[in-house]
Each structure stands twice: as structure tokens, then as C-alpha cells.
$ cat target_26.cif   # mmCIF, C-alpha atoms
data_run
loop_
_atom_site.label_atom_id
_atom_site.label_comp_id
_atom_site.auth_asym_id
_atom_site.auth_seq_id
_atom_site.Cartn_x
_atom_site.Cartn_y
_atom_site.Cartn_z
CA ARG K 1 -10.78 -25.31 -5.60
CA ASP K 2 -11.11 -24.07 -9.18
CA ASP K 3 -7.64 -22.49 -9.09
CA ILE K 4 -5.62 -25.56 -8.11
CA LEU K 5 -4.68 -26.46 -11.68
CA THR K 6 -3.58 -22.88 -12.39
CA GLY K 7 -1.08 -22.64 -9.54
CA GLY K 8 -3.49 -20.57 -7.50
CA VAL K 9 -3.95 -17.96 -10.23
CA LYS K 10 -7.45 -16.72 -10.97
CA MET K 11 -8.43 -13.98 -13.40
CA ILE K 12 -11.46 -12.20 -11.96
CA PRO K 13 -13.91 -10.31 -14.19
CA ILE K 14 -14.58 -6.77 -12.97
CA GLN K 15 -17.68 -4.88 -14.03
CA THR K 16 -17.14 -1.16 -14.63
CA SER K 17 -18.93 1.72 -16.31
CA ALA K 18 -16.60 1.18 -19.28
CA GLY K 19 -17.27 -2.54 -19.60
CA GLU K 20 -15.79 -5.74 -18.22
CA PHE K 21 -12.08 -6.15 -17.49
CA LYS K 22 -10.07 -8.83 -15.72
CA VAL K 23 -7.74 -8.58 -12.75
CA TRP K 24 -5.09 -11.11 -11.71
CA THR K 25 -5.08 -12.84 -8.33
CA LYS K 26 -3.00 -15.66 -6.90
CA ARG K 27 -3.80 -17.76 -3.83
CA THR K 28 -1.16 -19.36 -1.64
CA GLY K 29 -2.01 -21.60 1.31
CA ASN K 30 -5.27 -22.96 2.68
CA ASN K 31 -6.72 -21.74 5.96
CA PRO K 32 -10.50 -21.51 6.38
CA THR K 33 -10.30 -18.80 9.06
CA ILE K 34 -7.34 -16.67 7.85
CA LYS K 35 -7.45 -15.32 4.29
CA VAL K 36 -5.42 -12.15 3.66
CA LEU K 37 -6.08 -10.07 0.55
CA ILE K 38 -3.03 -7.93 -0.22
CA LEU K 39 -3.53 -4.47 -1.72
CA HIS K 40 -0.30 -3.18 -3.26
CA GLY K 41 0.85 0.41 -3.46
CA GLY K 42 1.55 2.84 -6.24
CA PRO K 43 -0.99 3.50 -7.56
CA GLY K 44 0.13 1.54 -10.60
CA ALA K 45 2.69 -0.72 -8.91
CA SER K 46 1.82 -4.41 -8.47
CA HIS K 47 2.03 -7.33 -6.07
CA GLN K 48 5.60 -8.03 -7.16
CA TYR K 49 7.41 -5.87 -4.60
CA LEU K 50 5.54 -7.72 -1.85
CA GLU K 51 6.77 -11.18 -2.89
CA CYS K 52 8.75 -11.30 0.37
CA PHE K 53 5.48 -12.42 1.99
CA ASP K 54 6.25 -15.82 0.46
CA SER K 55 9.06 -16.23 2.98
CA PHE K 56 6.83 -15.69 6.03
CA PHE K 57 3.12 -16.33 5.53
CA PRO K 58 3.27 -20.00 4.38
CA GLY K 59 5.26 -21.06 7.42
CA ALA K 60 2.73 -19.30 9.65
CA GLY K 61 -0.16 -21.20 8.07
CA ILE K 62 -1.70 -18.04 6.59
CA GLU K 63 -3.71 -18.20 3.36
CA TYR K 64 -3.07 -15.08 1.29
CA TYR K 65 -3.90 -13.57 -2.06
CA TYR K 66 -1.73 -11.43 -4.28
CA TYR K 67 -3.82 -9.15 -6.47
CA ASP K 68 -2.84 -6.74 -9.22
CA GLN K 69 -5.36 -3.93 -9.38
CA LEU K 70 -6.74 -2.73 -12.70
CA GLU K 71 -4.00 -0.84 -14.60
CA SER K 72 -1.28 -2.92 -12.93
CA VAL K 73 1.17 -5.43 -14.37
CA ARG K 74 -0.71 -8.73 -14.73
CA SER K 75 -4.21 -7.26 -14.88
CA ASP K 76 -5.95 -5.48 -17.74
CA GLN K 77 -4.69 -1.97 -18.41
CA PRO K 78 -7.51 -0.23 -20.31
CA GLY K 79 -5.99 3.23 -19.86
CA ASP K 80 -9.48 4.69 -19.44
CA THR K 81 -9.09 7.72 -17.17
CA SER K 82 -12.80 7.66 -16.32
CA LEU K 83 -12.02 4.59 -14.19
CA TRP K 84 -9.20 6.23 -12.25
CA HIS K 85 -11.19 7.06 -9.13
CA LEU K 86 -10.85 5.79 -5.59
CA ASP K 87 -14.55 4.94 -5.29
CA ARG K 88 -14.33 2.67 -8.33
CA PHE K 89 -11.30 0.87 -6.92
CA VAL K 90 -13.23 0.27 -3.69
CA GLU K 91 -15.93 -1.43 -5.74
CA GLU K 92 -13.26 -3.43 -7.55
CA VAL K 93 -11.97 -4.76 -4.22
CA GLU K 94 -15.51 -5.73 -3.27
CA GLN K 95 -15.95 -7.64 -6.52
CA VAL K 96 -12.63 -9.41 -5.90
CA ARG K 97 -13.71 -10.31 -2.36
CA VAL K 98 -16.94 -11.86 -3.60
CA ALA K 99 -15.20 -13.78 -6.37
CA LEU K 100 -12.67 -15.23 -3.93
CA GLY K 101 -15.34 -16.20 -1.40
CA LEU K 102 -13.94 -14.11 1.44
CA ASN K 103 -16.26 -13.10 4.31
CA LYS K 104 -16.46 -11.62 7.81
CA ASP K 105 -15.30 -14.90 9.34
CA ASN K 106 -11.98 -15.04 7.47
CA PHE K 107 -11.29 -11.85 5.46
CA TYR K 108 -8.24 -9.85 6.52
CA LEU K 109 -7.63 -6.83 4.29
CA TYR K 110 -4.01 -5.65 4.07
CA GLY K 111 -3.11 -2.41 2.30
CA GLN K 112 0.37 -0.93 1.89
CA SER K 113 0.94 2.73 0.91
CA TRP K 114 -1.73 3.54 -1.74
CA GLY K 115 -3.17 0.14 -0.85
CA GLY K 116 -3.67 1.56 2.65
CA ILE K 117 -5.77 4.40 1.25
CA LEU K 118 -7.84 1.86 -0.63
CA ALA K 119 -8.16 -0.39 2.42
CA ILE K 120 -9.34 2.47 4.65
CA ASP K 121 -12.02 3.55 2.19
CA TYR K 122 -13.08 -0.06 1.66
CA ALA K 123 -13.42 -0.58 5.41
CA LEU K 124 -15.47 2.59 5.81
CA LYS K 125 -18.01 1.20 3.34
CA TYR K 126 -17.77 -2.57 3.68
CA GLN K 127 -16.35 -3.40 7.12
CA ASN K 128 -19.27 -5.72 7.83
CA ASN K 129 -17.69 -8.08 5.28
CA MET K 130 -14.34 -8.09 7.09
CA LYS K 131 -12.60 -9.84 9.96
CA ALA K 132 -9.70 -7.40 10.33
CA LEU K 133 -7.87 -4.48 8.70
CA ILE K 134 -4.13 -3.89 8.28
CA ILE K 135 -2.84 -0.47 7.17
CA SER K 136 0.87 -0.47 6.38
CA ASN K 137 2.98 2.64 5.77
CA MET K 138 0.07 4.97 5.10
CA VAL K 139 -1.39 7.89 7.02
CA SER K 140 -5.09 8.72 6.89
CA SER K 141 -4.64 12.15 5.27
CA ILE K 142 -2.81 13.21 2.12
CA PRO K 143 -2.62 16.86 3.31
CA ASP K 144 -0.91 15.61 6.48
CA TYR K 145 1.47 13.52 4.37
CA VAL K 146 2.38 16.57 2.27
CA LYS K 147 2.95 18.64 5.43
CA TYR K 148 5.26 15.98 6.87
CA ALA K 149 7.22 15.75 3.61
CA ASP K 150 7.64 19.53 3.44
CA GLU K 151 8.38 20.22 7.09
CA VAL K 152 10.23 17.11 8.26
CA LEU K 153 11.61 14.95 5.45
CA GLY K 154 12.67 17.69 3.03
CA PRO K 155 14.84 19.58 5.52
CA GLN K 156 16.69 16.32 6.32
CA LEU K 157 18.17 16.38 2.82
CA ASP K 158 21.34 18.24 1.93
CA PRO K 159 20.17 21.87 1.49
CA GLU K 160 21.58 22.14 -2.03
CA VAL K 161 19.97 18.86 -3.06
CA LEU K 162 16.60 19.98 -1.67
CA ARG K 163 16.92 23.38 -3.36
CA ARG K 164 17.57 21.78 -6.74
CA ILE K 165 14.74 19.24 -6.33
CA LYS K 166 12.29 22.02 -5.45
CA GLU K 167 13.53 24.10 -8.39
CA LEU K 168 12.97 21.27 -10.82
CA GLU K 169 9.51 20.62 -9.35
CA ALA K 170 8.58 24.30 -9.60
CA ASN K 171 9.50 24.17 -13.29
CA ASP K 172 7.42 21.00 -13.77
CA ASP K 173 10.64 19.34 -14.93
CA PHE K 174 9.92 15.91 -13.45
CA LEU K 175 11.19 14.05 -16.52
CA ASN K 176 14.60 15.66 -16.24
CA PRO K 177 17.16 12.87 -15.59
CA GLU K 178 18.68 15.10 -12.91
CA TYR K 179 15.43 14.98 -10.93
CA THR K 180 15.34 11.19 -11.09
CA GLU K 181 19.00 11.00 -10.10
CA LEU K 182 18.63 13.36 -7.13
CA VAL K 183 15.56 11.60 -5.77
CA SER K 184 17.00 8.12 -6.37
CA ASN K 185 20.36 8.83 -4.78
CA HIS K 186 19.34 11.02 -1.85
CA TYR K 187 15.69 10.33 -0.97
CA TYR K 188 14.95 6.70 -1.87
CA PRO K 189 17.80 5.09 0.14
CA GLU K 190 16.78 7.13 3.19
CA HIS K 191 13.00 6.84 3.15
CA ILE K 192 11.78 4.29 0.58
CA LEU K 193 14.18 1.38 1.19
CA ARG K 194 17.24 1.79 3.37
CA MET K 195 19.68 -0.17 1.26
CA PRO K 196 22.16 0.94 -1.40
CA LEU K 197 20.29 1.12 -4.70
CA ASN K 198 22.45 -1.61 -6.23
CA GLU K 199 21.41 -3.94 -3.40
CA TRP K 200 17.67 -3.45 -3.64
CA PRO K 201 15.81 -6.79 -3.79
CA GLU K 202 15.02 -7.99 -7.30
CA PRO K 203 11.20 -7.99 -6.82
CA VAL K 204 11.32 -4.33 -5.79
CA VAL K 205 13.50 -3.34 -8.76
CA ARG K 206 11.28 -5.33 -11.12
CA ASP K 207 8.16 -3.65 -9.81
CA PHE K 208 9.63 -0.15 -10.02
CA GLU K 209 10.53 -0.80 -13.65
CA GLN K 210 7.00 -1.97 -14.48
CA THR K 211 4.98 0.66 -12.61
CA ASN K 212 2.23 2.30 -14.66
CA VAL K 213 3.69 5.82 -14.56
CA GLU K 214 0.80 7.54 -16.35
CA PHE K 215 -1.71 6.14 -13.88
CA TYR K 216 0.55 6.86 -10.88
CA THR K 217 1.04 10.45 -11.96
CA ALA K 218 -2.68 11.06 -12.49
CA MET K 219 -3.54 9.76 -9.03
CA GLN K 220 -0.55 10.76 -6.90
CA GLY K 221 1.29 13.35 -8.96
CA PRO K 222 4.87 13.26 -10.28
CA SER K 223 6.48 14.64 -7.12
CA GLU K 224 8.06 12.41 -4.47
CA PHE K 225 7.37 15.13 -1.87
CA GLY K 226 3.62 14.90 -1.55
CA CYS K 227 1.03 15.52 -4.23
CA ALA K 228 1.80 18.06 -6.94
CA GLY K 229 0.03 18.93 -10.16
CA ASN K 230 -3.58 18.53 -8.96
CA PRO K 231 -3.65 14.72 -8.74
CA ARG K 232 -6.83 12.89 -7.86
CA LEU K 233 -5.79 12.01 -4.31
CA GLU K 234 -4.64 15.51 -3.33
CA PHE K 235 -7.45 16.22 -0.86
CA TRP K 236 -8.08 12.69 0.45
CA ASP K 237 -8.51 12.86 4.23
CA ARG K 238 -10.16 10.29 6.50
CA ASN K 239 -8.86 11.50 9.87
CA ASP K 240 -12.34 12.28 11.13
CA ASP K 241 -13.76 8.95 9.94
CA LEU K 242 -11.37 6.52 11.62
CA SER K 243 -13.58 6.19 14.70
CA ILE K 244 -16.19 4.50 12.51
CA ILE K 245 -13.90 1.52 11.93
CA LYS K 246 -14.85 -1.20 14.39
CA VAL K 247 -13.01 -4.25 13.05
CA PRO K 248 -9.66 -5.12 14.67
CA THR K 249 -7.10 -2.86 13.00
CA LEU K 250 -3.30 -2.91 12.84
CA THR K 251 -1.37 0.13 11.68
CA ILE K 252 2.31 -0.28 10.77
CA GLY K 253 4.73 2.64 10.87
CA ALA K 254 8.48 2.95 10.52
CA LYS K 255 11.04 5.44 11.81
CA TYR K 256 12.39 6.47 8.40
CA ASP K 257 9.15 6.12 6.43
CA THR K 258 7.86 8.75 4.00
CA MET K 259 4.78 8.66 6.23
CA ASP K 260 4.82 10.08 9.76
CA PRO K 261 5.08 7.12 12.17
CA GLU K 262 3.48 9.18 14.95
CA HIS K 263 0.44 9.73 12.75
CA MET K 264 0.14 5.98 12.22
CA LYS K 265 0.39 5.44 15.97
CA TRP K 266 -2.40 7.99 16.42
CA MET K 267 -4.54 6.16 13.84
CA ALA K 268 -4.41 3.00 15.97
CA SER K 269 -5.86 4.99 18.88
CA GLU K 270 -8.64 6.48 16.75
CA VAL K 271 -10.17 3.26 15.42
CA GLN K 272 -12.34 1.34 17.86
CA HIS K 273 -9.96 -1.62 18.24
CA GLY K 274 -6.45 -0.69 17.15
CA ARG K 275 -2.89 -1.88 17.58
CA TYR K 276 0.26 -0.12 16.41
CA LEU K 277 3.39 -1.86 15.13
CA TYR K 278 6.54 0.28 15.04
CA CYS K 279 9.56 -0.66 12.94
CA PRO K 280 12.57 1.23 14.39
CA GLU K 281 14.91 0.31 11.53
CA GLY K 282 12.34 0.53 8.74
CA SER K 283 11.37 2.90 5.94
CA HIS K 284 8.45 2.89 3.48
CA LEU K 285 9.31 -0.69 2.55
CA ALA K 286 9.83 -1.86 6.13
CA MET K 287 8.91 -5.39 5.07
CA TYR K 288 12.47 -5.47 3.72
CA ASP K 289 14.64 -3.17 5.82
CA ASP K 290 13.09 -4.09 9.18
CA GLN K 291 11.83 -7.48 8.12
CA GLU K 292 11.97 -9.40 11.39
CA THR K 293 10.07 -6.74 13.34
CA TYR K 294 7.58 -6.26 10.52
CA PHE K 295 6.55 -9.85 9.96
CA GLU K 296 6.73 -10.92 13.61
CA GLY K 297 4.28 -8.14 14.52
CA LEU K 298 2.06 -8.63 11.49
CA ILE K 299 1.74 -12.38 11.97
CA ARG K 300 1.14 -11.98 15.72
CA PHE K 301 -1.75 -9.60 15.03
CA ILE K 302 -3.32 -11.98 12.50
CA LYS K 303 -2.98 -14.94 14.88
CA ASP K 304 -4.31 -12.95 17.84
CA VAL K 305 -7.43 -11.94 15.92
CA ASP K 306 -7.92 -15.53 14.75
CA ALA K 307 -7.61 -16.84 18.33
CA GLY K 308 -10.03 -14.25 19.68
CA ASP K 309 -7.24 -12.60 21.71
CA PHE K 310 -7.62 -9.24 19.97
CA PRO K 311 -9.37 -7.09 20.84
CA GLU K 312 -8.73 -8.20 24.39
#
$ encode --input "target_26.cif" --output "C-alpha cells"
Amino acid sequence: RDDILTGGVKMIPIQTSAGEFKVWTKRTGNNPTIKVLILHGGPGASHQYLECFDSFFPGAGIEYYYYDQLESVRSDQPGDTSLWHLDRFVEEVEQVRVALGLNKDNFYLYGQSWGGILAIDYALKYQNNMKALIISNMVSSIPDYVKYADEVLGPQLDPEVLRRIKELEANDDFLNPEYTELVSNHYYPEHILRMPLNEWPEPVVRDFEQTNVEFYTAMQGPSEFGCAGNPRLEFWDRNDDLSIIKVPTLTIGAKYDTMDPEHMKWMASEVQHGRYLYCPEGSHLAMYDDQETYFEGLIRFIKDVDAGDFPE
């Protein structure tokens, strides 16, 4: 393997309309039939908050690849807004797949949050190159996500806190320290990661601090309650396309997630061969706050597909 002497790290050249850039990948493990490419969230976060996979995948004999997408921490960050489109990121994933030598006999694509959006769109175009799909903590419609945030999650907050958050958002005052404080103290510990902020795992804190905010805001918007400010993902909706996906698919939802767990259960019934994993103690980062359920179910799915036991 050409990455052995680099500790598994490989910088992959990506061809774009604006020229060539490089993205960072890192391989761990060696399994000819199970190779998991991990798509992180954000957009603009990185693989770092998912470093907990190191505690579970190696012992299960799973080969896996961390990968920082263009504009993320260890990859090139050209800052060229002409490249900030979902279709281009799909093509980036395909170039990464080819460079890593992944194919329909071994390629499991895992996407968490924004990575789930990317994974769904990749599968809709390139599923013939895949062995299985894993969508974690992401619904198949941004409008549905916004509706859930407005109608379900928002009202769970203290009414005065919600009123002030909405007031600041209406005034486009997202950089106000009060907005950050309100969201961090009242929303994050309930729905992003159900731990006191001062106990959040170091990889998560590190990743939050290094997120590409400009890129995140352009794609997702500055609001934590859906998509505000005409971001590029505002109208993304693949509800009607899920039935096209024929590869074995696992969707992972959590009780306290920012995403509706019932929607993620429904997604598993819409694809041709789906399974749903529910994390009753988990939030958006259920790989931390419902870790045992999360990884037991994820690894079981991967092993079942590998053994030919799924779909039954």
C-alpha cells in the first residue's frame, strides 16, 4: 500500500472547474471486503469529531477512511464560492472513491448530518459503485428539517429563550454573543450532544473551534433552527427519490436529535432494502451520547451486509 509509510494518510488530488486541489484522507485497518468511507458533517466541519470510531471499528475488523472534504481542516481551503455546490461535492466523493480503490464489492459510504445529504446524492448517482449506504442523523428533506425545528424543537425551549433567539435571528444578529450563548447553553446540550458543555469530548470541541464558518453559513445558513438567509441547501429534498436507492441502507436516528427520528425511520422503509437504528438516549451526536447502541447497531449492519445476511 502506498500509504503505509505515511501512517495511512493520503492526499488526493481533486479536479475542479477552478483547478486542482488536494483533500486529506487517512486509512485505518485492512479488510478487502469492508471499506467504510466516512463523510463528516458541517458543512465545513471535519473528520475530527468522529475520531470515536477509532475505539470501535478496529476491534471489529473494519477498514475505514477519514476524509476532510474540500474547505475543511486538513484539506485545501481555496475559498472559491463557485465550488460550493452539492453536485461538485458528489463528484469530489467519486474522485476520492476512485483514488482509494473502493468498489461495489467493498465500498460502504457513511454520511453523518451534512455528510448524509452528500451520501444520499452520491448514492442516487453512483450507487452501482457501492456495497452499502449509511445515513446518520440526517433526514432526506431540508424543508422537513426546518418544519421539525420550528414546530417541535423550538417549542421545547424555555419560551423566553426561544423568543429572544427568534428576535436575534429576525434582526440577522447571528454574531451577537448573546445568540451564541443562548444556543450553546439551551439548545446544544439538549439536541446536539447531551452532555454539559464543559464535558464535551475533546475531538468535538476541537472540531467546533476549527469549523469553516464562512462555508457553513453559505451552505446551511447561520441559524441553528433550520436554514435561514437563503443558503444553498435551503430547498434540498430527496423524499421522492429514496425508492431509487437499491443498495442495503441503514438510517440512524436518535430521540433528542435535531433531525426527526420518525422521518429517519420512514426513510428506511422508502429505500428498497433499508434498516433503521434508533438511539433512545442519543442526540445529533449519538455516537457519543448513546455510544453503545450506536456502534453495536452500526457494526452489526456492516457485518450483516458483508456476510450476505442483509437484505435477508
$ resolve_selection --input "target_26.cif" --expression "the PyMOL selection byres ((chain K and resi 236) around 6)" --output "PyMOL selection string"
chain K and resi 141-142+233-235+237
$ atom_distance --input "target_26.cif" --atom1 "atom CA of K:Thr28" --atom2 "atom CA of K:Gly8"
6.4 Å
$ resolve_selection --input "target_26.cif" --expression "the PyMOL selection byres ((chain K and resi 110-119) around 9)" --output "PyMOL selection string"
chain K and resi 36-43+86-87+89-90+93+108-109+120-124+132-141+220+236+259+284-285
$ write_last_selection --input "target_26.cif" --atoms "C-alpha atoms" --output "PDB file, in the coordinates of the input"
ATOM      1  CA  VAL K  36      -5.420 -12.150   3.660  1.00  0.00           C
ATOM      2  CA  LEU K  37      -6.080 -10.070   0.550  1.00  0.00           C
ATOM      3  CA  ILE K  38      -3.030  -7.930  -0.220  1.00  0.00           C
ATOM      4  CA  LEU K  39      -3.530  -4.470  -1.720  1.00  0.00           C
ATOM      5  CA  HIS K  40      -0.300  -3.180  -3.260  1.00  0.00           C
ATOM      6  CA  GLY K  41       0.850   0.410  -3.460  1.00  0.00           C
ATOM      7  CA  GLY K  42       1.550   2.840  -6.240  1.00  0.00           C
ATOM      8  CA  PRO K  43      -0.990   3.500  -7.560  1.00  0.00           C
ATOM      9  CA  LEU K  86     -10.850   5.790  -5.590  1.00  0.00           C
ATOM     10  CA  ASP K  87     -14.550   4.940  -5.290  1.00  0.00           C
ATOM     11  CA  PHE K  89     -11.300   0.870  -6.920  1.00  0.00           C
ATOM     12  CA  VAL K  90     -13.230   0.270  -3.690  1.00  0.00           C
ATOM     13  CA  VAL K  93     -11.970  -4.760  -4.220  1.00  0.00           C
ATOM     14  CA  TYR K 108      -8.240  -9.850   6.520  1.00  0.00           C
ATOM     15  CA  LEU K 109      -7.630  -6.830   4.290  1.00  0.00           C
ATOM     16  CA  ILE K 120      -9.340   2.470   4.650  1.00  0.00           C
ATOM     17  CA  ASP K 121     -12.020   3.550   2.190  1.00  0.00           C
ATOM     18  CA  TYR K 122     -13.080  -0.060   1.660  1.00  0.00           C
ATOM     19  CA  ALA K 123     -13.420  -0.580   5.410  1.00  0.00           C
ATOM     20  CA  LEU K 124     -15.470   2.590   5.810  1.00  0.00           C
ATOM     21  CA  ALA K 132      -9.700  -7.400  10.330  1.00  0.00           C
ATOM     22  CA  LEU K 133      -7.870  -4.480   8.700  1.00  0.00           C
ATOM     23  CA  ILE K 134      -4.130  -3.890   8.280  1.00  0.00           C
ATOM     24  CA  ILE K 135      -2.840  -0.470   7.170  1.00  0.00           C
ATOM     25  CA  SER K 136       0.870  -0.470   6.380  1.00  0.00           C
ATOM     26  CA  ASN K 137       2.980   2.640   5.770  1.00  0.00           C
ATOM     27  CA  MET K 138       0.070   4.970   5.100  1.00  0.00           C
ATOM     28  CA  VAL K 139      -1.390   7.890   7.020  1.00  0.00           C
ATOM     29  CA  SER K 140      -5.090   8.720   6.890  1.00  0.00           C
ATOM     30  CA  SER K 141      -4.640  12.150   5.270  1.00  0.00           C
ATOM     31  CA  GLN K 220      -0.550  10.760  -6.900  1.00  0.00           C
ATOM     32  CA  TRP K 236      -8.080  12.690   0.450  1.00  0.00           C
ATOM     33  CA  MET K 259       4.780   8.660   6.230  1.00  0.00           C
ATOM     34  CA  HIS K 284       8.450   2.890   3.480  1.00  0.00           C
ATOM     35  CA  LEU K 285       9.310  -0.690   2.550  1.00  0.00           C
TER      36      LEU K 285
END
$ atom_distance --input "target_26.cif" --atom1 "atom CA of K:Ser269" --atom2 "atom CA of K:Glu312"
14.6 Å
$ closest_residue --input "target_26.cif" --among "K:Ile34, K:Val161, K:Val98, K:Ala218" --to "K:Asp80" --atoms "all atoms listed in the file"
K:Ala218
$ resolve_selection --input "target_26.cif" --expression "the PyMOL selection byres ((chain K and resi 25) around 7)" --output "ChimeraX atom specification"
/K:9-11,23-24,26-27,65-68
